[in-house]
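final01.tsv follows (TSV, C-alpha atoms):
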```tsv
chain	number	residue	atom	x	y	z
A	1	MET	CA	103.41	91.82	116.52
A	2	ALA	CA	100.19	90.63	114.99
A	3	LEU	CA	97.92	93.24	113.45
A	4	MET	CA	94.96	94.61	115.40
A	5	PRO	CA	93.00	97.86	115.43
A	6	LYS	CA	94.25	100.73	117.61
A	7	ARG	CA	90.81	101.85	118.73
A	8	ILE	CA	87.54	99.97	118.67
A	9	LYS	CA	83.96	100.80	119.54
A	10	TYR	CA	83.03	97.43	121.03
A	11	ARG	CA	85.40	94.85	122.56
A	12	LYS	CA	83.52	91.80	121.30
A	13	SER	CA	81.58	91.07	118.15
A	14	GLN	CA	79.21	88.39	116.96
A	15	ARG	CA	80.48	85.81	114.51
A	16	GLY	CA	78.28	86.83	111.61
A	17	LYS	CA	78.05	85.03	108.28
A	18	ILE	CA	80.11	85.63	105.20
A	19	ARG	CA	77.82	85.55	102.22
A	20	GLY	CA	78.38	86.32	98.58
A	21	ARG	CA	81.46	87.32	96.67
A	22	ALA	CA	83.90	90.18	96.87
A	23	SER	CA	82.43	93.27	95.26
A	24	ARG	CA	85.40	95.46	96.13
A	25	GLY	CA	89.05	94.86	96.87
A	26	ASN	CA	88.98	92.27	94.09
A	27	SER	CA	91.43	93.79	91.62
A	28	VAL	CA	95.17	94.35	91.78
A	29	SER	CA	95.57	98.04	92.60
A	30	TYR	CA	99.01	98.77	94.05
A	31	GLY	CA	101.48	96.19	92.77
A	32	GLU	CA	101.69	94.27	89.51
A	33	PHE	CA	100.78	90.82	90.80
A	34	GLY	CA	98.33	89.67	93.44
A	35	LEU	CA	97.15	86.69	95.44
A	36	GLN	CA	93.40	86.23	95.24
A	37	VAL	CA	91.42	84.05	97.63
A	38	LEU	CA	88.79	81.75	96.10
A	39	GLU	CA	86.82	80.78	99.21
A	40	CYS	CA	85.18	82.70	102.00
A	41	GLY	CA	86.16	82.66	105.65
A	42	TRP	CA	88.35	84.19	108.32
A	43	ILE	CA	92.08	84.84	108.06
A	44	THR	CA	93.72	85.46	111.41
A	45	ALA	CA	96.20	88.21	112.10
A	46	ARG	CA	98.92	85.57	112.60
A	47	GLN	CA	98.22	84.07	109.18
A	48	ILE	CA	98.32	87.50	107.56
A	49	GLU	CA	101.68	88.18	109.23
A	50	ALA	CA	103.00	84.74	108.29
A	51	GLY	CA	102.14	85.41	104.65
A	52	ARG	CA	103.79	88.81	104.70
A	53	VAL	CA	106.97	87.40	106.28
A	54	ALA	CA	107.06	84.52	103.77
A	55	ALA	CA	106.84	86.93	100.85
A	56	THR	CA	109.35	89.50	102.12
A	57	HIS	CA	111.90	86.82	103.08
A	58	PHE	CA	111.61	85.16	99.70
A	59	LEU	CA	112.03	88.43	97.84
A	60	HIS	CA	115.26	89.26	99.75
A	61	ARG	CA	114.14	92.88	100.14
A	62	GLU	CA	113.59	93.23	96.40
A	63	GLY	CA	110.35	94.71	95.15
A	64	ARG	CA	107.55	95.64	97.48
A	65	VAL	CA	104.85	93.63	99.25
A	66	TYR	CA	101.45	95.16	99.90
A	67	VAL	CA	99.05	93.61	102.43
A	68	ARG	CA	95.47	94.30	101.42
A	69	LEU	CA	93.89	92.66	104.48
A	70	PHE	CA	93.40	94.00	107.98
A	71	PRO	CA	91.92	92.02	110.87
A	72	HIS	CA	89.07	94.20	112.09
A	73	LYS	CA	87.04	91.47	113.78
A	74	PRO	CA	87.73	90.24	117.33
A	75	VAL	CA	87.11	86.57	118.06
A	76	SER	CA	86.48	85.63	121.68
A	77	ALA	CA	87.04	82.25	123.32
A	78	LYS	CA	86.44	80.72	126.73
A	79	PRO	CA	89.42	79.57	128.80
A	80	LEU	CA	90.10	75.82	128.98
A	81	GLU	CA	88.28	73.72	131.60
A	82	THR	CA	85.64	76.38	132.08
A	83	ARG	CA	82.00	75.46	132.45
A	84	MET	CA	79.51	76.89	130.00
A	85	GLY	CA	77.71	80.08	130.87
A	86	LYS	CA	79.01	83.06	132.86
A	87	GLY	CA	79.04	85.25	129.81
A	88	LYS	CA	81.00	85.56	126.59
A	89	GLY	CA	84.74	84.86	126.70
A	90	ASP	CA	87.46	87.44	126.25
A	91	PRO	CA	88.80	88.39	122.81
A	92	GLU	CA	91.54	85.91	121.84
A	93	PHE	CA	92.56	86.90	118.37
A	94	TRP	CA	91.68	89.12	115.44
A	95	VAL	CA	90.54	88.06	112.00
A	96	ALA	CA	89.88	89.53	108.56
A	97	CYS	CA	86.79	88.30	106.72
A	98	VAL	CA	87.46	87.37	103.12
A	99	ARG	CA	85.13	86.50	100.27
A	100	PRO	CA	85.93	84.80	96.96
A	101	GLY	CA	87.78	87.33	94.83
A	102	THR	CA	89.43	89.32	97.63
A	103	ILE	CA	93.03	90.27	96.84
A	104	MET	CA	95.07	89.49	99.95
A	105	TYR	CA	98.59	90.47	98.96
A	106	GLU	CA	100.21	92.32	96.11
A	107	ILE	CA	103.80	92.45	94.92
A	108	GLY	CA	105.40	95.09	92.73
A	109	GLY	CA	108.87	95.71	91.35
A	110	VAL	CA	109.80	92.10	90.55
A	111	VAL	CA	109.41	89.88	87.48
A	112	GLU	CA	106.46	87.52	87.19
A	113	ASP	CA	108.37	84.29	87.90
A	114	VAL	CA	109.72	85.66	91.17
A	115	ALA	CA	106.29	86.93	92.19
A	116	ARG	CA	104.75	83.52	91.38
A	117	ASP	CA	107.30	81.72	93.54
A	118	ALA	CA	106.79	84.17	96.38
A	119	PHE	CA	103.02	83.78	96.26
A	120	ARG	CA	103.34	79.99	96.12
A	121	ARG	CA	104.99	80.19	99.53
A	122	VAL	CA	102.39	82.64	100.81
A	123	ALA	CA	99.53	80.46	99.55
A	124	ALA	CA	100.91	77.56	101.58
A	125	LYS	CA	100.38	79.65	104.74
A	126	MET	CA	96.79	80.45	103.86
A	127	PRO	CA	93.85	78.37	105.06
A	128	TYR	CA	91.95	78.73	101.76
A	129	ARG	CA	92.51	78.12	98.06
A	130	CYS	CA	94.22	81.04	96.37
A	131	ARG	CA	95.34	81.94	92.89
A	132	PHE	CA	97.91	84.19	91.28
A	133	VAL	CA	96.59	87.19	89.36
A	134	THR	CA	98.22	89.97	87.38
A	135	ARG	CA	97.27	93.58	87.11
A	136	ARG	CA	95.14	94.62	84.17
A	137	VAL	CA	96.46	97.66	82.37
A	138	GLY	CA	94.11	100.01	80.54
A	139	VAL	CA	90.47	98.92	80.59
B	1	MET	CA	96.82	91.39	64.92
B	2	GLU	CA	93.87	91.87	62.64
B	3	GLN	CA	90.86	93.16	64.49
B	4	LEU	CA	87.69	91.10	64.65
B	5	VAL	CA	84.43	92.57	63.50
B	6	LEU	CA	82.03	92.06	66.40
B	7	LYS	CA	78.44	91.52	65.45
B	8	ALA	CA	76.22	93.58	67.71
B	9	SER	CA	72.50	93.40	68.19
B	10	ARG	CA	70.26	95.93	69.87
B	11	ARG	CA	68.80	95.15	73.31
B	12	THR	CA	65.17	96.01	73.75
B	13	ASN	CA	64.61	94.38	77.15
B	14	LEU	CA	66.67	96.25	79.70
B	15	GLY	CA	67.43	95.62	83.35
B	16	THR	CA	69.39	93.16	85.48
B	17	LYS	CA	67.14	90.17	84.78
B	18	HIS	CA	67.40	90.53	81.01
B	19	ALA	CA	71.13	91.29	81.17
B	20	CYS	CA	71.64	88.02	83.11
B	21	ARG	CA	69.69	86.14	80.45
B	22	GLU	CA	71.85	87.69	77.74
B	23	ARG	CA	74.98	86.48	79.55
B	24	GLU	CA	73.54	82.98	79.95
B	25	ALA	CA	72.93	82.94	76.20
B	26	GLY	CA	76.60	83.76	75.50
B	27	ARG	CA	76.06	87.46	74.84
B	28	LEU	CA	77.78	90.38	76.53
B	29	PRO	CA	75.63	93.43	77.36
B	30	ALA	CA	77.13	96.73	76.30
B	31	ILE	CA	76.12	100.33	75.83
B	32	ILE	CA	77.13	102.96	73.30
B	33	TYR	CA	77.12	106.60	74.36
B	34	GLY	CA	78.71	109.95	73.66
B	35	HIS	CA	78.44	113.12	71.55
B	36	GLY	CA	75.15	114.12	73.13
B	37	GLU	CA	73.19	111.40	71.35
B	38	ASP	CA	70.91	108.92	73.07
B	39	PRO	CA	72.62	105.89	74.58
B	40	GLU	CA	72.10	102.64	72.65
B	41	PRO	CA	71.99	99.40	74.65
B	42	ILE	CA	73.46	96.55	72.59
B	43	SER	CA	74.81	93.07	73.11
B	44	LEU	CA	77.95	91.46	71.67
B	45	ASP	CA	79.18	87.93	71.27
B	46	ALA	CA	80.79	87.27	74.66
B	47	HIS	CA	83.51	84.96	73.33
B	48	ASP	CA	84.68	87.30	70.59
B	49	ALA	CA	84.53	90.34	72.88
B	50	LEU	CA	86.58	88.51	75.53
B	51	LEU	CA	89.19	87.57	72.92
B	52	GLU	CA	89.45	91.19	71.84
B	53	LEU	CA	89.82	92.40	75.43
B	54	GLN	CA	92.42	89.74	76.21
B	55	HIS	CA	94.44	90.94	73.24
B	56	GLY	CA	94.38	94.44	74.67
B	57	ALA	CA	91.94	95.95	72.15
B	58	ARG	CA	91.12	99.57	72.99
B	59	VAL	CA	88.78	99.98	70.03
B	60	PHE	CA	85.91	97.67	69.05
B	61	ASN	CA	84.97	97.31	65.40
B	62	LEU	CA	81.22	96.74	65.54
B	63	GLU	CA	78.78	95.69	62.86
B	64	LEU	CA	75.48	97.21	63.89
B	65	ASP	CA	72.45	97.58	61.61
B	66	GLY	CA	74.57	96.59	58.63
B	67	LYS	CA	77.17	99.32	59.25
B	68	GLN	CA	80.73	98.91	60.50
B	69	ILE	CA	81.73	101.55	63.04
B	70	GLN	CA	84.65	101.85	65.45
B	71	TYR	CA	83.97	102.63	69.11
B	72	LEU	CA	86.37	103.38	71.92
B	73	VAL	CA	86.22	100.91	74.82
B	74	LYS	CA	85.67	103.36	77.66
B	75	ASP	CA	85.10	100.97	80.56
B	76	VAL	CA	84.68	97.27	81.26
B	77	GLN	CA	82.98	95.75	84.30
B	78	TYR	CA	84.37	92.43	85.41
B	79	ASP	CA	82.96	89.70	87.64
B	80	TYR	CA	83.96	89.08	91.27
B	81	LEU	CA	87.11	87.18	90.25
B	82	ASP	CA	88.05	90.03	87.92
B	83	THR	CA	88.22	87.58	85.00
B	84	ASN	CA	85.09	87.61	82.83
B	85	PRO	CA	83.60	90.83	81.53
B	86	LEU	CA	80.02	91.59	82.59
B	87	HIS	CA	79.40	94.80	80.70
B	88	VAL	CA	81.24	97.07	78.28
B	89	ASP	CA	80.92	100.83	77.84
B	90	LEU	CA	81.64	102.00	74.30
B	91	MET	CA	82.07	105.63	73.33
B	92	ARG	CA	81.25	107.20	69.99
B	93	VAL	CA	84.28	108.79	68.38
B	94	LYS	CA	84.32	111.06	65.36
B	95	VAL	CA	86.95	110.72	62.65
B	96	GLY	CA	89.97	112.81	63.61
B	97	GLU	CA	88.79	113.24	67.21
B	98	LYS	CA	91.42	112.85	69.89
B	99	VAL	CA	90.58	110.73	72.93
B	100	HIS	CA	91.93	110.48	76.47
B	101	VAL	CA	93.11	106.99	77.39
B	102	LYS	CA	95.28	105.29	79.97
B	103	VAL	CA	98.30	103.44	78.63
B	104	GLY	CA	100.52	101.06	80.58
B	105	VAL	CA	104.22	101.79	81.09
B	106	GLU	CA	106.57	98.86	80.62
B	107	LEU	CA	110.00	99.14	82.20
B	108	ARG	CA	112.94	97.61	80.35
B	109	GLY	CA	116.36	96.69	81.71
B	110	THR	CA	117.90	96.29	85.16
B	111	PRO	CA	118.87	99.62	86.74
B	112	GLU	CA	122.50	100.21	87.68
B	113	GLY	CA	121.35	101.12	91.18
B	114	ILE	CA	120.18	97.55	91.87
B	115	ALA	CA	123.83	96.43	92.02
B	116	GLU	CA	124.46	99.18	94.59
B	117	GLY	CA	121.79	97.74	96.87
B	118	GLY	CA	118.85	99.76	95.61
B	119	VAL	CA	115.33	98.57	94.86
B	120	LEU	CA	113.34	99.51	91.78
B	121	ASP	CA	110.05	101.11	92.73
B	122	HIS	CA	107.35	101.42	90.06
B	123	PRO	CA	104.66	103.54	91.70
B	124	VAL	CA	102.87	104.55	88.49
B	125	SER	CA	102.14	101.84	85.97
B	126	GLU	CA	99.76	103.81	83.74
B	127	VAL	CA	99.85	107.29	82.24
B	128	ASP	CA	97.08	109.38	80.70
B	129	VAL	CA	97.62	110.27	77.07
B	130	GLU	CA	95.69	111.98	74.30
B	131	CYS	CA	95.73	110.63	70.76
B	132	LEU	CA	93.62	109.44	67.84
B	133	ILE	CA	91.94	106.07	68.32
B	134	THR	CA	94.05	104.68	65.51
B	135	GLN	CA	97.25	105.70	67.31
B	136	ILE	CA	96.61	104.33	70.81
B	137	PRO	CA	99.87	102.60	71.82
B	138	GLU	CA	99.66	99.14	73.44
B	139	THR	CA	102.28	100.12	76.01
B	140	ILE	CA	104.89	102.79	76.44
B	141	VAL	CA	108.31	101.21	76.81
B	142	ALA	CA	110.74	103.00	79.11
B	143	GLY	CA	114.38	102.04	79.64
B	144	VAL	CA	115.52	102.17	83.26
B	145	LYS	CA	119.01	100.75	82.81
B	146	HIS	CA	120.65	104.12	83.49
B	147	LEU	CA	118.94	104.72	86.85
B	148	LYS	CA	121.25	104.89	89.88
B	149	VAL	CA	120.28	104.93	93.53
B	150	GLY	CA	118.22	108.02	94.28
B	151	GLU	CA	117.39	108.68	90.63
B	152	ALA	CA	113.91	108.54	89.17
B	153	LEU	CA	112.25	108.26	85.79
B	154	LEU	CA	109.70	111.04	85.40
B	155	ALA	CA	106.68	111.12	83.14
B	156	LYS	CA	108.31	113.81	80.99
B	157	ASP	CA	111.24	111.42	80.31
B	158	LEU	CA	108.96	108.90	78.55
B	159	GLU	CA	109.42	108.56	74.83
B	160	LEU	CA	105.94	108.76	73.35
B	161	PRO	CA	105.07	107.62	69.83
B	162	ALA	CA	104.25	110.27	67.24
B	163	GLY	CA	100.80	111.81	67.62
B	164	VAL	CA	100.53	110.93	71.31
B	165	THR	CA	100.43	113.72	73.91
B	166	LEU	CA	101.07	113.20	77.60
B	167	LEU	CA	98.31	114.38	79.97
B	168	THR	CA	99.78	113.09	83.22
B	169	ASP	CA	101.76	115.58	85.34
B	170	PRO	CA	105.24	115.68	83.70
B	171	GLU	CA	106.90	115.60	87.14
B	172	GLU	CA	105.09	112.37	88.15
B	173	ARG	CA	107.58	109.67	89.22
B	174	ILE	CA	107.11	106.59	87.05
B	175	ALA	CA	109.97	104.57	88.50
B	176	ALA	CA	112.70	105.20	91.03
B	177	VAL	CA	115.62	103.34	92.52
B	178	ARG	CA	115.79	103.75	96.27
B	179	VAL	CA	117.39	102.12	99.26
B	180	LEU	CA	114.97	100.40	101.58
B	181	ALA	CA	115.04	101.49	105.19
B	182	GLU	CA	116.07	98.82	107.68
B	183	GLU	CA	113.08	96.78	108.69
B	184	ILE	CA	112.22	97.33	112.33
B	185	VAL	CA	111.64	93.94	113.86
B	186	GLU	CA	109.22	94.25	116.73
B	187	GLU	CA	109.46	91.78	119.53
B	188	GLU	CA	106.61	89.31	119.67
B	189	ALA	CA	104.31	90.31	122.45
B	190	GLY	CA	103.25	87.62	124.86
B	191	GLU	CA	99.81	86.13	125.19
B	192	GLU	CA	98.78	89.14	127.24
B	193	ALA	CA	99.22	91.47	124.25
B	194	GLU	CA	97.83	94.91	124.77
B	195	GLN	CA	94.24	95.25	123.75
B	196	PRO	CA	92.92	98.10	121.59
B	197	GLU	CA	91.47	101.15	123.26
B	198	VAL	CA	87.69	101.05	123.50
B	199	ILE	CA	86.14	104.29	122.27
B	200	GLY	CA	83.99	105.90	124.93
B	201	ARG	CA	85.10	103.58	127.73
B	202	ALA	CA	87.33	106.15	129.45
B	203	LYS	CA	84.63	108.83	129.21
B	204	GLU	CA	82.06	106.57	130.85
B	205	GLU	CA	84.41	105.96	133.76
B	206	GLU	CA	85.15	109.67	134.16
B	207	GLY	CA	81.50	110.66	133.81
B	208	PRO	CA	80.16	109.80	137.30
B	209	GLU	CA	83.17	111.47	138.98
B	210	LYS	CA	82.43	114.73	137.23
B	211	GLU	CA	78.78	114.49	138.17
B	212	GLY	CA	79.67	113.68	141.79
```

Go ahead and render the structure in this file as structure tokens.
Amino acid sequence: MALMPKRIKYRKSQRGKIRGRASRGNSVSYGEFGLQVLECGWITARQIEAGRVAATHFLHREGRVYVRLFPHKPVSAKPLETRMGKGKGDPEFWVACVRPGTIMYEIGGVVEDVARDAFRRVAAKMPYRCRFVTRRVGV
Amino acid sequence: MEQLVLKASRRTNLGTKHACREREAGRLPAIIYGHGEDPEPISLDAHDALLELQHGARVFNLELDGKQIQYLVKDVQYDYLDTNPLHVDLMRVKVGEKVHVKVGVELRGTPEGIAEGGVLDHPVSEVDVECLITQIPETIVAGVKHLKVGEALLAKDLELPAGVTLLTDPEERIAAVRVLAEEIVEEEAGEEAEQPEVIGRAKEEEGPEKEG
């Protein structure tokens, strides 16, 4: 099942604008390798799940995959063949907002070549340009 | 690798605006502090400093005011892509003074437990150690070939170089071989997937009844 929050304060939210660059969540923290997004935008819960499934299937249950994104933002849409007006549509799906630099996934417990191949498959599922990054040890 | 001598110059104009100008001019803002003395804002050659950091240097050899002094790299701020350094914190260190640093742990070998269906987990990739700045190890190499399913490599099992003391909890699990639990595959919910609970919605509905 696609990710979504358990409890929310408001059912619908405004679209908002994604400005700037990632000031947090932009370094590999849990695993040894990460997939970093280079553009800003929305990533839907289905895309997040597709990426996770692609990575775990490729790794054949080796290592560990960490998902650093969570779709907190509801996106509403009007039903088809509906005239304009009559209020905002119902929430259709959930998205995570990403900025350039955000680490989306991390992998630990496998060698670099395997992690690269896994992330190549994950990147193909993503709607934005991504790059492979490794964890920095020490300072 | 022989260490570069980084030429440092003092910064007189401080603040974000001037730091940005320094970076545009190919300099890297840095600060020297420690031992109760006043902090000294300086700038380094960005290219040379980046080379040193990429080679894993933990100590910078600076030439400042005609003197060569070694400083411990205490912290580095990176840009939004976590690639280029924006600022470096350097700490004064006396001769013979021991320092606390984090050192990476590199695992070597394929554990025996992998053949039995286990998975190598590496929850801790760095350990805290105390040593002289001349003795800071690049990495601590740990063999995990002997690990079977259910066994773990603890911090106390690490073989540290001479002069290096472990500060991390000795019982901390560095690596372990475990069997993954079966993944629970949830059935895909239909289009009418359940919606999250709205905080306060239930209370609002109950409110008038209580009043009435």

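Non-sequential neighbours of A:Val37 (distance at most 10 Å, separation of 4 or more positions within a chain, all atoms listed in the file) are Ala22, Asn26, Gly41, Val98, Arg99, Pro100, Gly101, Thr102, Ile103, Met104, Tyr105, Ala123, Met126, Pro127, Tyr128, Arg129, Cys130, Arg131 and Phe132 of chain A; Leu81 of chain B.
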
Distance-based interface of chain A with chain B, 8 Å, counting only C-alpha atoms, as a PDB file with C-alpha atoms, in the coordinates of the input:
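See part31.pdb below for the written result:
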```pdb
ATOM      1  CA  MET A   1     103.410  91.820 116.520  1.00  0.00           C
ATOM      2  CA  MET A   4      94.960  94.610 115.400  1.00  0.00           C
ATOM      3  CA  PRO A   5      93.000  97.860 115.430  1.00  0.00           C
ATOM      4  CA  LYS A   6      94.250 100.730 117.610  1.00  0.00           C
ATOM      5  CA  ARG A   7      90.810 101.850 118.730  1.00  0.00           C
ATOM      6  CA  ILE A   8      87.540  99.970 118.670  1.00  0.00           C
ATOM      7  CA  LYS A   9      83.960 100.800 119.540  1.00  0.00           C
ATOM      8  CA  TYR A  10      83.030  97.430 121.030  1.00  0.00           C
ATOM      9  CA  ARG A  11      85.400  94.850 122.560  1.00  0.00           C
ATOM     10  CA  ARG A  21      81.460  87.320  96.670  1.00  0.00           C
ATOM     11  CA  ALA A  22      83.900  90.180  96.870  1.00  0.00           C
ATOM     12  CA  SER A  23      82.430  93.270  95.260  1.00  0.00           C
ATOM     13  CA  ASN A  26      88.980  92.270  94.090  1.00  0.00           C
ATOM     14  CA  SER A  27      91.430  93.790  91.620  1.00  0.00           C
ATOM     15  CA  TYR A  30      99.010  98.770  94.050  1.00  0.00           C
ATOM     16  CA  ARG A  61     114.140  92.880 100.140  1.00  0.00           C
ATOM     17  CA  GLU A  62     113.590  93.230  96.400  1.00  0.00           C
ATOM     18  CA  GLY A  63     110.350  94.710  95.150  1.00  0.00           C
ATOM     19  CA  ARG A  64     107.550  95.640  97.480  1.00  0.00           C
ATOM     20  CA  PRO A 100      85.930  84.800  96.960  1.00  0.00           C
ATOM     21  CA  GLY A 101      87.780  87.330  94.830  1.00  0.00           C
ATOM     22  CA  GLY A 108     105.400  95.090  92.730  1.00  0.00           C
ATOM     23  CA  GLY A 109     108.870  95.710  91.350  1.00  0.00           C
ATOM     24  CA  VAL A 137      96.460  97.660  82.370  1.00  0.00           C
ATOM     25  CA  GLY A 138      94.110 100.010  80.540  1.00  0.00           C
ATOM     26  CA  VAL A 139      90.470  98.920  80.590  1.00  0.00           C
TER      27      VAL A 139
END
```

* **Option closest in space to A:Arg136, from B:Gly36, B:Pro111, B:Glu130, B:His55 [counting all atoms listed in the file]** =>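 Of all the options, B:His55 lies closest to A:Arg136.
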
May I have the residues within 12 Å of B:Thr16 as a PDB file with C-alpha atoms, in the frame of the given file, using only C-alpha atoms and disregarding those fewer than 4 positions away in the same chain?
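Writing the result to part_7.pdb gives the following:
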```
ATOM      1  CA  CYS B  20      71.640  88.020  83.110  1.00  0.00           C
ATOM      2  CA  ARG B  21      69.690  86.140  80.450  1.00  0.00           C
ATOM      3  CA  GLU B  22      71.850  87.690  77.740  1.00  0.00           C
ATOM      4  CA  ARG B  23      74.980  86.480  79.550  1.00  0.00           C
ATOM      5  CA  PRO B  29      75.630  93.430  77.360  1.00  0.00           C
ATOM      6  CA  LEU B  86      80.020  91.590  82.590  1.00  0.00           C
ATOM      7  CA  HIS B  87      79.400  94.800  80.700  1.00  0.00           C
TER       8      HIS B  87
END
```

* Separation of atom CA of A:Val122 and atom CA of A:Ala55, in Å? ->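 Interatomic distance, atom CA of A:Val122 to atom CA of A:Ala55: 6.2 Å.
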
* If we count all atoms listed in the file, what is near A:Pro74 at a cut-off of 10 Å, once residues fewer than 6 positions away on the same chain are taken out, given as a PyMOL selection string? -> chain A and resi 4-5+8+10-15+44+90-96
